[in-house]
2 protein chains.
Amino acid sequence: MPVTSAPGSPPTGRARLADVAALAGVSVGTASKALNGGGRMRPETRQRVLDAVAELGFRPNQHAQSLHSGRSWTVGLMTTDGIGRFSTPVLLGAEDALGAGKISVLLCDTRGDAIREQHHLRNLTDRRVDGIIVTGRRTDPRPPLVGIDPRIPVVYALSPSTDPTDTSVVTDDRGGARLAMEHLLATGRTTVAHVTGPEHHQAARERARHAREHLAAAGLEPATGRVHFGEWSEAWGRRAADAVLRTAPLTDAFFCGNDQIARGVADTLRERGIGVPGDVAVVGYDNWDTMALACRPPLTTIDMNLTEIGRIAALRLLEAIDTEPAPGVYTVPCRLVVRESS
Amino acid sequence: MPVTSAPGSPPTGRARLADVAALAGVSVGTASKALNGGGRMRPETRQRVLDAVAELGFRPNQHAQSLHSGRSWTVGLMTTDGIGRFSTPVLLGAEDALGAGKISVLLCDTRGDAIREQHHLRNLTDRRVDGIIVTGRRTDPRPPLVGIDPRIPVVYALSPSTDPTDTSVVTDDRGGARLAMEHLLATGRTTVAHVTGPEHHQAARERARHAREHLAAAGLEPATGRVHFGEWSEAWGRRAADAVLRTAPLTDAFFCGNDQIARGVADTLRERGIGVPGDVAVVGYDNWDTMALACRPPLTTIDMNLTEIGRIAALRLLEAIDTEPAPGVYTVPCRLVVRESS
DNA sequence: AAGTCACGGGCAAACCTTTTCCTGAAGACG
DNA sequence: CGTCTTCAGGAAAAGGTTTGCCCGTGACTT
């Protein structure tokens, strides 16, 4: 009967430890020890306390616990740019890993606005969060949080901090590009075009660089002799596919910077009557299911394991919370997902 | 110099109200009143306290405040099913509205698992959240949270509660269907097919019902005489378009249950050489930009104003927190977004 | 000049749990 | 039988803020 409360408890309506103690016939301190395993006491006494807890439906007041311990059992999750396709899996991974440690996630969306970021940072500091995870949609490095209380550990996920003494968890663009190229070469392709996003995005540059390097290691060159930088859109994929086929009609594979581009490429190929994967293979990047699965044919693609990035960021943060922070950049490997486009 | 701290404050490293009081030469209680506007005191005294606050960089300890007030200035946001396309905007709208009230959002993802839901609910209760918003991806009603402490107000967003004495905020499927049909009829279409998702989804049923009613009111019938229920996928859109054109070649408009279906329909039309919107108009539902904008041509579609749903849910929750809850179902109107497909 | 009043500000309780230190009693050992 | 140790459990401080109540002082009233 959790509704009943010991005499004298009414104010909050919830049973306090004092009520438990009274019911068990012990002092408050003893009741606390009985619950937390500390102190020495007769097993039967402990049991009496536990029974009282059950009878009253007692749950400790976390505000009081936090006040005493200085910990809030809460971490802030700041997403730099909305809560989109990239930050969501990171967020879920983090929530999952933290939830196991009884820690909850406080969500802060800055919408890419520095003012808002400051505001949230203050809020989180005031709440005495145990730590903060910062994540963004881009993989480009970002400046560290400004004015952060040095006692609050921070982990940057996906977008690393520009400060190397911070802790960051990032995706392995190099490995991703390698997986894609190895796959294409292993399946007999030799004339590979690379179509990707804007050159000012690090992700585009890195993937392109490593794709080229991998080709070069096999004694090959990109189909058109260069990388096609553009936008992260289907429309660009379609345009670029046209351009590539005009310049290098013998192209037998496209490695694309993301799944949208890949889908655009696949659409153009299909509309031109070129068989995928019969004549030309297409490999995307992101494993964004709504794109990859809806594509005709479904896309072979690189999965960045974003959930894993979130999980690892959370684990690093947990480490930093109760031991010393281990600065540095942690790289999470990608995964090749083979579907029918290659 | 926020780093300096009054003598005796070291334990936490952060300035306490006691330090402020000491520096200002007043008692702790007076300092508190000076900050919170309460109590009567000489303006210069208040100013001295404010100066001390500034000098020490004092920020009140929220754990202590919460302990005292019983409020956590936090609400839980439970998403029933991942954090997807539907819950994200709701979440952002809620965060926005709550942030204005100094309230933060605690994120709980149940992954559709009842055990997890219980676990999170307990966690939120233990944290003494001020309220809870429950949201899901489907618009079908869901059973209310079980075992919820009646003192914690709850608002259901998107997925209403099956209990009419709860507070729910939902989308206006009827209005959405009406907007779409009015638009099509107003632009001269007379033979409209409706292709939508599975019949066991309320959203599909409702939109279909109201679309038919609206046609009937204009003395019309669906193009094929029936509604085409299927899946929420592009593939289904493509198949359904074929089927519709076979049965009713004179069809001059498609109203689709979501943007994916609409995109599938548009693809089929284009591949058959049927002009959109010249020969046939296509209207989608959801205004999911990655679909609606990538479609050729970009889709006219219905926007459910999900962010607004989140915002209103948050406002209702704020109401319920400091006054009496106002049970009932609140309906948020949709918005027609006209693009080039109609 | 004595009584009132208002104003400024202090005191202390309350919010609830954890943890350290301490005490009283009982058992063990010489 | 006395002293030492051990053990069970209690008392109280600490963590920081808010707020109701109270008191002293100076001004004002009659």
# chains A, B, ... in the order shown; residues from 1 in each chain; ligands from 1
>>> residues_around(residues="DG20 in chain D", least_positions_apart="6", cutoff="12 Å", atoms="only C-alpha atoms (C1' of nucleotides)", output="NGL selection string")
(:B and (29 or 39)) or (:C and (11-14))
>>> interface_residues(of="chain A", to="chain D", cutoff="8 Å", atoms="only C-alpha atoms (C1' of nucleotides)", output="list in words")
Val26, Ser27, Gly29, Thr30, Arg40, Met41, Arg42, Leu67, His68 and Ser69 of chain A
>>> closest_residue(among="B:Cys295, B:Ala241, B:Leu220, B:Val169", to="chain A", atoms="only C-alpha atoms")
B:Cys295
>>> select_by_dssp(residues="range 49-236 of chain B", states="strand (DSSP E)", output="NGL selection string")
:B and (74-79 or 104-109 or 131-135 or 154-157 or 167-171 or 192-196 or 228-229)
>>> interface_residues(of="chain A", to="chain B", cutoff="8 Å", atoms="only C-alpha atoms", output="number ranges by chain")
A: 59-64, 66-67, 72, 82-84, 88, 92, 95, 104-109, 126-128, 233-235, 294
>>> closest_atom_pairs(of="chain C", to="chain A", cutoff="12 Å", atoms="only C-alpha atoms (C1' of nucleotides)", output="CSV")
residue,atom,partner,partner_atom,distance
C:DA14,C1',A:Pro11,CA,10.6
C:DC15,C1',A:Ala64,CA,8.0
C:DC16,C1',A:Ala64,CA,5.1
C:DT17,C1',A:Ala64,CA,5.6
C:DT18,C1',A:His68,CA,6.9
C:DT19,C1',A:Gly29,CA,8.5
C:DT20,C1',A:Gly29,CA,11.0
>>> write_last_selection(atoms="C-alpha atoms (C1' of nucleotides)", output="mmCIF file, in the first residue's frame")
data_model
loop_
_atom_site.group_PDB
_atom_site.id
_atom_site.type_symbol
_atom_site.label_atom_id
_atom_site.label_comp_id
_atom_site.auth_asym_id
_atom_site.auth_seq_id
_atom_site.Cartn_x
_atom_site.Cartn_y
_atom_site.Cartn_z
ATOM 1 C "C1'" DA C 14 12.416 22.874 6.245
ATOM 2 C "C1'" DC C 15 13.554 20.249 2.088
ATOM 3 C "C1'" DC C 16 15.940 14.758 2.504
ATOM 4 C "C1'" DT C 17 19.803 11.873 2.283
ATOM 5 C "C1'" DT C 18 24.512 10.335 3.228
ATOM 6 C "C1'" DT C 19 28.388 9.554 6.023
ATOM 7 C "C1'" DT C 20 31.478 10.082 9.749
#
>>> residues_around(residues="Thr268 in chain B", least_positions_apart="6", cutoff="10 Å", atoms="only C-alpha atoms (C1' of nucleotides)", output="list in words")
Glu234, Ala235, Gly237, Arg238, Arg239, Ala240, Ala241, Asp242, Ala262 and Ile274 of chain B
>>> atom_distance(atom1="CA of Thr323 in chain A", atom2="CA of Thr167 in chain A")
13.8 Å
>>> atom_distance(atom1="CA of Val280 in chain B", atom2="CA of Asp267 in chain A")
21.6 Å
>>> select_by_dssp(residues="range 104-203 of chain B", states="helix (DSSP H, G or I)", output="compact mmCIF listing (two decimals) with all heavy atoms, in the first residue's frame")
# COMPACT_ATOMS: atom_id res chain seq x y z
N ALA B 114 7.70 -2.26 -23.73
CA ALA B 114 6.95 -1.91 -22.52
C ALA B 114 7.83 -1.95 -21.27
O ALA B 114 7.69 -1.13 -20.36
CB ALA B 114 5.76 -2.85 -22.34
N ILE B 115 8.75 -2.88 -21.23
CA ILE B 115 9.65 -2.97 -20.09
C ILE B 115 10.48 -1.69 -19.97
O ILE B 115 10.60 -1.09 -18.91
CB ILE B 115 10.65 -4.14 -20.27
CG1 ILE B 115 9.90 -5.44 -20.53
CG2 ILE B 115 11.56 -4.26 -19.06
CD1 ILE B 115 9.30 -6.05 -19.32
N ARG B 116 11.01 -1.30 -21.10
CA ARG B 116 11.81 -0.09 -21.13
C ARG B 116 10.96 1.11 -20.72
O ARG B 116 11.43 2.01 -20.05
CB ARG B 116 12.32 0.14 -22.55
CG ARG B 116 13.83 0.16 -22.67
CD ARG B 116 14.18 0.44 -24.09
NE ARG B 116 14.85 -0.69 -24.71
CZ ARG B 116 16.17 -0.81 -24.75
NH1 ARG B 116 16.94 0.11 -24.21
NH2 ARG B 116 16.73 -1.84 -25.32
N GLU B 117 9.73 1.11 -21.17
CA GLU B 117 8.85 2.23 -20.83
C GLU B 117 8.67 2.31 -19.32
O GLU B 117 8.75 3.38 -18.72
CB GLU B 117 7.49 2.05 -21.52
CG GLU B 117 6.53 3.18 -21.26
CD GLU B 117 5.31 3.14 -22.17
OE1 GLU B 117 5.50 3.11 -23.40
OE2 GLU B 117 4.18 3.13 -21.66
N GLN B 118 8.44 1.16 -18.69
CA GLN B 118 8.30 1.12 -17.24
C GLN B 118 9.56 1.64 -16.56
O GLN B 118 9.51 2.44 -15.63
CB GLN B 118 8.02 -0.31 -16.77
CG GLN B 118 6.56 -0.68 -16.83
CD GLN B 118 5.70 0.36 -16.13
OE1 GLN B 118 5.85 0.60 -14.94
NE2 GLN B 118 4.84 1.03 -16.88
N HIS B 119 10.67 1.17 -17.05
CA HIS B 119 11.95 1.55 -16.49
C HIS B 119 12.15 3.06 -16.55
O HIS B 119 12.50 3.72 -15.57
CB HIS B 119 13.05 0.81 -17.25
CG HIS B 119 14.42 1.30 -16.95
ND1 HIS B 119 15.13 2.05 -17.84
CD2 HIS B 119 15.19 1.16 -15.85
CE1 HIS B 119 16.30 2.35 -17.30
NE2 HIS B 119 16.37 1.83 -16.10
N HIS B 120 11.87 3.63 -17.72
CA HIS B 120 12.04 5.07 -17.86
C HIS B 120 11.04 5.83 -17.00
O HIS B 120 11.35 6.87 -16.42
CB HIS B 120 11.86 5.47 -19.33
CG HIS B 120 13.08 5.28 -20.15
ND1 HIS B 120 13.10 4.62 -21.33
CD2 HIS B 120 14.35 5.68 -19.93
CE1 HIS B 120 14.33 4.60 -21.82
NE2 HIS B 120 15.11 5.23 -20.98
N LEU B 121 9.84 5.31 -16.94
CA LEU B 121 8.82 6.00 -16.16
C LEU B 121 9.24 6.07 -14.69
O LEU B 121 9.10 7.10 -14.03
CB LEU B 121 7.49 5.23 -16.30
CG LEU B 121 6.32 5.86 -15.56
CD1 LEU B 121 6.18 7.31 -15.96
CD2 LEU B 121 5.05 5.10 -15.87
N ARG B 122 9.77 4.98 -14.21
CA ARG B 122 10.27 4.95 -12.83
C ARG B 122 11.38 5.96 -12.65
O ARG B 122 11.41 6.71 -11.68
CB ARG B 122 10.81 3.57 -12.52
CG ARG B 122 10.12 2.91 -11.38
CD ARG B 122 10.59 1.50 -11.36
NE ARG B 122 11.34 1.22 -10.15
CZ ARG B 122 10.82 0.53 -9.14
NH1 ARG B 122 9.57 0.15 -9.19
NH2 ARG B 122 11.55 0.24 -8.09
N ASN B 123 12.28 5.96 -13.59
CA ASN B 123 13.40 6.89 -13.55
C ASN B 123 12.88 8.33 -13.49
O ASN B 123 13.31 9.13 -12.65
CB ASN B 123 14.27 6.67 -14.78
CG ASN B 123 15.49 7.54 -14.76
OD1 ASN B 123 15.81 8.17 -13.75
ND2 ASN B 123 16.19 7.60 -15.88
N LEU B 124 11.96 8.64 -14.36
CA LEU B 124 11.44 10.01 -14.40
C LEU B 124 10.72 10.36 -13.09
O LEU B 124 10.83 11.47 -12.58
CB LEU B 124 10.47 10.17 -15.58
CG LEU B 124 11.13 10.11 -16.96
CD1 LEU B 124 10.09 10.22 -18.05
CD2 LEU B 124 12.16 11.22 -17.11
N THR B 125 10.00 9.40 -12.57
CA THR B 125 9.30 9.64 -11.31
C THR B 125 10.30 9.90 -10.19
O THR B 125 10.14 10.82 -9.39
CB THR B 125 8.41 8.43 -10.96
OG1 THR B 125 7.61 8.12 -12.08
CG2 THR B 125 7.54 8.75 -9.76
N ASP B 126 11.33 9.07 -10.17
CA ASP B 126 12.36 9.25 -9.15
C ASP B 126 13.01 10.62 -9.27
O ASP B 126 13.40 11.23 -8.27
CB ASP B 126 13.44 8.18 -9.29
CG ASP B 126 12.95 6.84 -8.79
OD1 ASP B 126 11.85 6.81 -8.22
OD2 ASP B 126 13.66 5.84 -8.95
N ASP B 173 -6.15 14.92 -39.29
CA ASP B 173 -6.17 14.15 -40.52
C ASP B 173 -7.31 14.58 -41.44
O ASP B 173 -7.17 14.62 -42.65
CB ASP B 173 -6.28 12.65 -40.20
CG ASP B 173 -4.93 12.03 -39.92
OD1 ASP B 173 -3.95 12.46 -40.55
OD2 ASP B 173 -4.85 11.12 -39.08
N ARG B 174 -8.40 14.91 -40.80
CA ARG B 174 -9.55 15.33 -41.59
C ARG B 174 -9.23 16.61 -42.36
O ARG B 174 -9.44 16.70 -43.57
CB ARG B 174 -10.72 15.57 -40.64
CG ARG B 174 -11.87 16.14 -41.38
CD ARG B 174 -12.94 16.62 -40.42
NE ARG B 174 -14.11 16.93 -41.24
CZ ARG B 174 -15.35 16.70 -40.88
NH1 ARG B 174 -15.60 16.16 -39.71
NH2 ARG B 174 -16.33 17.01 -41.69
N GLY B 175 -8.70 17.58 -41.65
CA GLY B 175 -8.37 18.85 -42.29
C GLY B 175 -7.31 18.67 -43.36
O GLY B 175 -7.36 19.30 -44.42
N GLY B 176 -6.35 17.77 -43.10
CA GLY B 176 -5.29 17.53 -44.08
C GLY B 176 -5.87 16.98 -45.37
O GLY B 176 -5.57 17.46 -46.47
N ALA B 177 -6.74 15.99 -45.23
CA ALA B 177 -7.36 15.40 -46.41
C ALA B 177 -8.18 16.46 -47.15
O ALA B 177 -8.16 16.55 -48.38
CB ALA B 177 -8.25 14.23 -46.00
N ARG B 178 -8.86 17.28 -46.38
CA ARG B 178 -9.69 18.30 -46.99
C ARG B 178 -8.84 19.30 -47.78
O ARG B 178 -9.14 19.63 -48.93
CB ARG B 178 -10.48 19.04 -45.90
CG ARG B 178 -11.56 19.97 -46.42
CD ARG B 178 -12.41 20.52 -45.30
NE ARG B 178 -11.64 20.99 -44.16
CZ ARG B 178 -10.91 22.10 -44.16
NH1 ARG B 178 -10.85 22.86 -45.24
NH2 ARG B 178 -10.23 22.46 -43.08
N LEU B 179 -7.74 19.75 -47.17
CA LEU B 179 -6.85 20.69 -47.87
C LEU B 179 -6.39 20.12 -49.20
O LEU B 179 -6.40 20.81 -50.23
CB LEU B 179 -5.62 20.97 -47.01
CG LEU B 179 -5.77 22.00 -45.89
CD1 LEU B 179 -4.50 22.05 -45.05
CD2 LEU B 179 -6.06 23.37 -46.49
N ALA B 180 -6.00 18.86 -49.17
CA ALA B 180 -5.50 18.23 -50.39
C ALA B 180 -6.59 18.16 -51.45
O ALA B 180 -6.39 18.53 -52.62
CB ALA B 180 -4.97 16.84 -50.07
N MET B 181 -7.75 17.71 -51.05
CA MET B 181 -8.83 17.54 -52.02
C MET B 181 -9.31 18.89 -52.55
O MET B 181 -9.53 19.06 -53.74
CB MET B 181 -10.00 16.77 -51.40
CG MET B 181 -9.64 15.37 -50.92
SD MET B 181 -8.73 14.40 -52.16
CE MET B 181 -9.95 14.37 -53.47
N GLU B 182 -9.45 19.84 -51.65
CA GLU B 182 -9.87 21.17 -52.10
C GLU B 182 -8.91 21.72 -53.14
O GLU B 182 -9.30 22.28 -54.15
CB GLU B 182 -9.92 22.14 -50.91
CG GLU B 182 -11.25 22.14 -50.18
CD GLU B 182 -11.20 23.02 -48.95
OE1 GLU B 182 -10.13 23.63 -48.68
OE2 GLU B 182 -12.22 23.08 -48.24
N HIS B 183 -7.63 21.53 -52.85
CA HIS B 183 -6.61 22.03 -53.76
C HIS B 183 -6.74 21.36 -55.13
O HIS B 183 -6.73 22.03 -56.17
CB HIS B 183 -5.24 21.76 -53.17
CG HIS B 183 -4.10 22.05 -54.10
ND1 HIS B 183 -3.81 23.31 -54.54
CD2 HIS B 183 -3.19 21.22 -54.67
CE1 HIS B 183 -2.76 23.26 -55.35
NE2 HIS B 183 -2.36 22.00 -55.45
N LEU B 184 -6.90 20.06 -55.14
CA LEU B 184 -6.99 19.35 -56.41
C LEU B 184 -8.25 19.75 -57.18
O LEU B 184 -8.20 20.01 -58.38
CB LEU B 184 -6.97 17.83 -56.17
CG LEU B 184 -5.60 17.29 -55.74
CD1 LEU B 184 -5.69 15.81 -55.38
CD2 LEU B 184 -4.58 17.50 -56.87
N LEU B 185 -9.36 19.80 -56.46
CA LEU B 185 -10.61 20.16 -57.14
C LEU B 185 -10.54 21.60 -57.63
O LEU B 185 -10.97 21.92 -58.74
CB LEU B 185 -11.80 19.97 -56.19
CG LEU B 185 -12.02 18.52 -55.73
CD1 LEU B 185 -13.26 18.41 -54.85
CD2 LEU B 185 -12.13 17.58 -56.92
N ALA B 186 -9.95 22.47 -56.80
CA ALA B 186 -9.88 23.88 -57.18
C ALA B 186 -9.03 24.09 -58.43
O ALA B 186 -9.21 25.04 -59.18
CB ALA B 186 -9.32 24.71 -56.02
N GLN B 202 -4.50 4.06 -38.46
CA GLN B 202 -5.58 5.01 -38.37
C GLN B 202 -5.38 6.17 -39.34
O GLN B 202 -6.32 6.65 -39.96
CB GLN B 202 -5.71 5.54 -36.95
CG GLN B 202 -7.04 6.18 -36.70
CD GLN B 202 -7.05 7.00 -35.43
OE1 GLN B 202 -6.11 7.76 -35.16
NE2 GLN B 202 -8.08 6.86 -34.65
N ALA B 203 -4.13 6.63 -39.44
CA ALA B 203 -3.87 7.76 -40.32
C ALA B 203 -4.35 7.46 -41.74
O ALA B 203 -4.98 8.29 -42.38
CB ALA B 203 -2.38 8.08 -40.33
>>> atom_distance(atom1="CA of Ala94 in chain A", atom2="CA of Asn305 in chain B")
28.4 Å
>>> decode(residues="range 78-102 of chain B", atoms="N, CA, C and O atoms", output="compact mmCIF listing (two decimals), in the first residue's frame")
# COMPACT_ATOMS: atom_id res chain seq x y z
N MET B 78 9.09 11.03 -23.56
CA MET B 78 9.20 9.62 -23.91
C MET B 78 8.77 9.42 -25.35
O MET B 78 7.64 9.76 -25.71
N THR B 79 9.66 8.88 -26.14
CA THR B 79 9.27 8.58 -27.51
C THR B 79 9.10 7.09 -27.60
O THR B 79 9.97 6.32 -27.21
N THR B 80 7.94 6.70 -28.10
CA THR B 80 7.59 5.30 -28.08
C THR B 80 8.43 4.50 -29.04
O THR B 80 8.61 3.30 -28.88
N ASP B 81 8.88 5.16 -30.08
CA ASP B 81 9.46 4.34 -31.12
C ASP B 81 10.63 5.03 -31.76
O ASP B 81 10.48 5.78 -32.71
N GLY B 82 11.77 4.80 -31.19
CA GLY B 82 12.96 5.42 -31.74
C GLY B 82 12.78 6.93 -31.72
O GLY B 82 11.91 7.47 -31.07
N ILE B 83 13.64 7.59 -32.43
CA ILE B 83 13.49 9.03 -32.55
C ILE B 83 13.57 9.27 -34.01
O ILE B 83 14.63 9.38 -34.58
N GLY B 84 12.42 9.29 -34.59
CA GLY B 84 12.44 9.25 -36.04
C GLY B 84 11.94 10.52 -36.67
O GLY B 84 11.93 11.58 -36.07
N ARG B 85 11.51 10.33 -37.86
CA ARG B 85 11.06 11.42 -38.69
C ARG B 85 9.91 12.16 -38.04
O ARG B 85 9.79 13.36 -38.18
N PHE B 86 9.05 11.44 -37.32
CA PHE B 86 7.88 12.09 -36.76
C PHE B 86 8.14 12.67 -35.38
O PHE B 86 7.73 13.77 -35.05
N SER B 87 8.84 11.90 -34.56
CA SER B 87 9.01 12.39 -33.19
C SER B 87 10.02 13.54 -33.12
O SER B 87 9.92 14.39 -32.24
N THR B 88 10.96 13.59 -34.05
CA THR B 88 11.97 14.64 -33.95
C THR B 88 11.40 16.05 -33.99
O THR B 88 11.69 16.85 -33.10
N PRO B 89 10.59 16.39 -34.98
CA PRO B 89 10.05 17.74 -34.96
C PRO B 89 9.18 18.01 -33.73
O PRO B 89 9.22 19.11 -33.17
N VAL B 90 8.45 17.02 -33.30
CA VAL B 90 7.63 17.19 -32.10
C VAL B 90 8.52 17.54 -30.92
O VAL B 90 8.27 18.48 -30.16
N LEU B 91 9.58 16.77 -30.82
CA LEU B 91 10.56 16.96 -29.77
C LEU B 91 11.15 18.37 -29.80
O LEU B 91 11.25 19.04 -28.77
N LEU B 92 11.51 18.81 -31.00
CA LEU B 92 12.11 20.14 -31.11
C LEU B 92 11.11 21.22 -30.72
O LEU B 92 11.45 22.18 -30.02
N GLY B 93 9.88 21.05 -31.17
CA GLY B 93 8.86 22.03 -30.81
C GLY B 93 8.68 22.10 -29.31
O GLY B 93 8.60 23.17 -28.71
N ALA B 94 8.66 20.93 -28.69
CA ALA B 94 8.48 20.88 -27.24
C ALA B 94 9.67 21.52 -26.53
O ALA B 94 9.51 22.35 -25.63
N GLU B 95 10.85 21.17 -27.00
CA GLU B 95 12.05 21.71 -26.36
C GLU B 95 12.04 23.23 -26.44
O GLU B 95 12.39 23.92 -25.50
N ASP B 96 11.63 23.70 -27.59
CA ASP B 96 11.60 25.14 -27.79
C ASP B 96 10.66 25.83 -26.81
O ASP B 96 11.04 26.76 -26.12
N ALA B 97 9.46 25.32 -26.74
CA ALA B 97 8.46 25.94 -25.87
C ALA B 97 8.86 25.82 -24.40
O ALA B 97 8.66 26.74 -23.61
N LEU B 98 9.45 24.71 -24.04
CA LEU B 98 9.81 24.51 -22.64
C LEU B 98 11.04 25.33 -22.27
O LEU B 98 11.13 25.85 -21.16
N GLY B 99 11.95 25.43 -23.21
CA GLY B 99 13.17 26.17 -22.94
C GLY B 99 12.88 27.60 -22.53
O GLY B 99 13.55 28.16 -21.66
N ALA B 100 11.84 28.16 -23.14
CA ALA B 100 11.48 29.52 -22.79
C ALA B 100 11.10 29.61 -21.32
O ALA B 100 11.30 30.63 -20.67
N GLY B 101 10.57 28.52 -20.78
CA GLY B 101 10.17 28.51 -19.38
C GLY B 101 11.25 27.94 -18.49
O GLY B 101 10.98 27.45 -17.41
N LYS B 102 12.48 27.96 -18.95
CA LYS B 102 13.60 27.49 -18.11
C LYS B 102 13.49 26.00 -17.79
O LYS B 102 14.05 25.54 -16.79
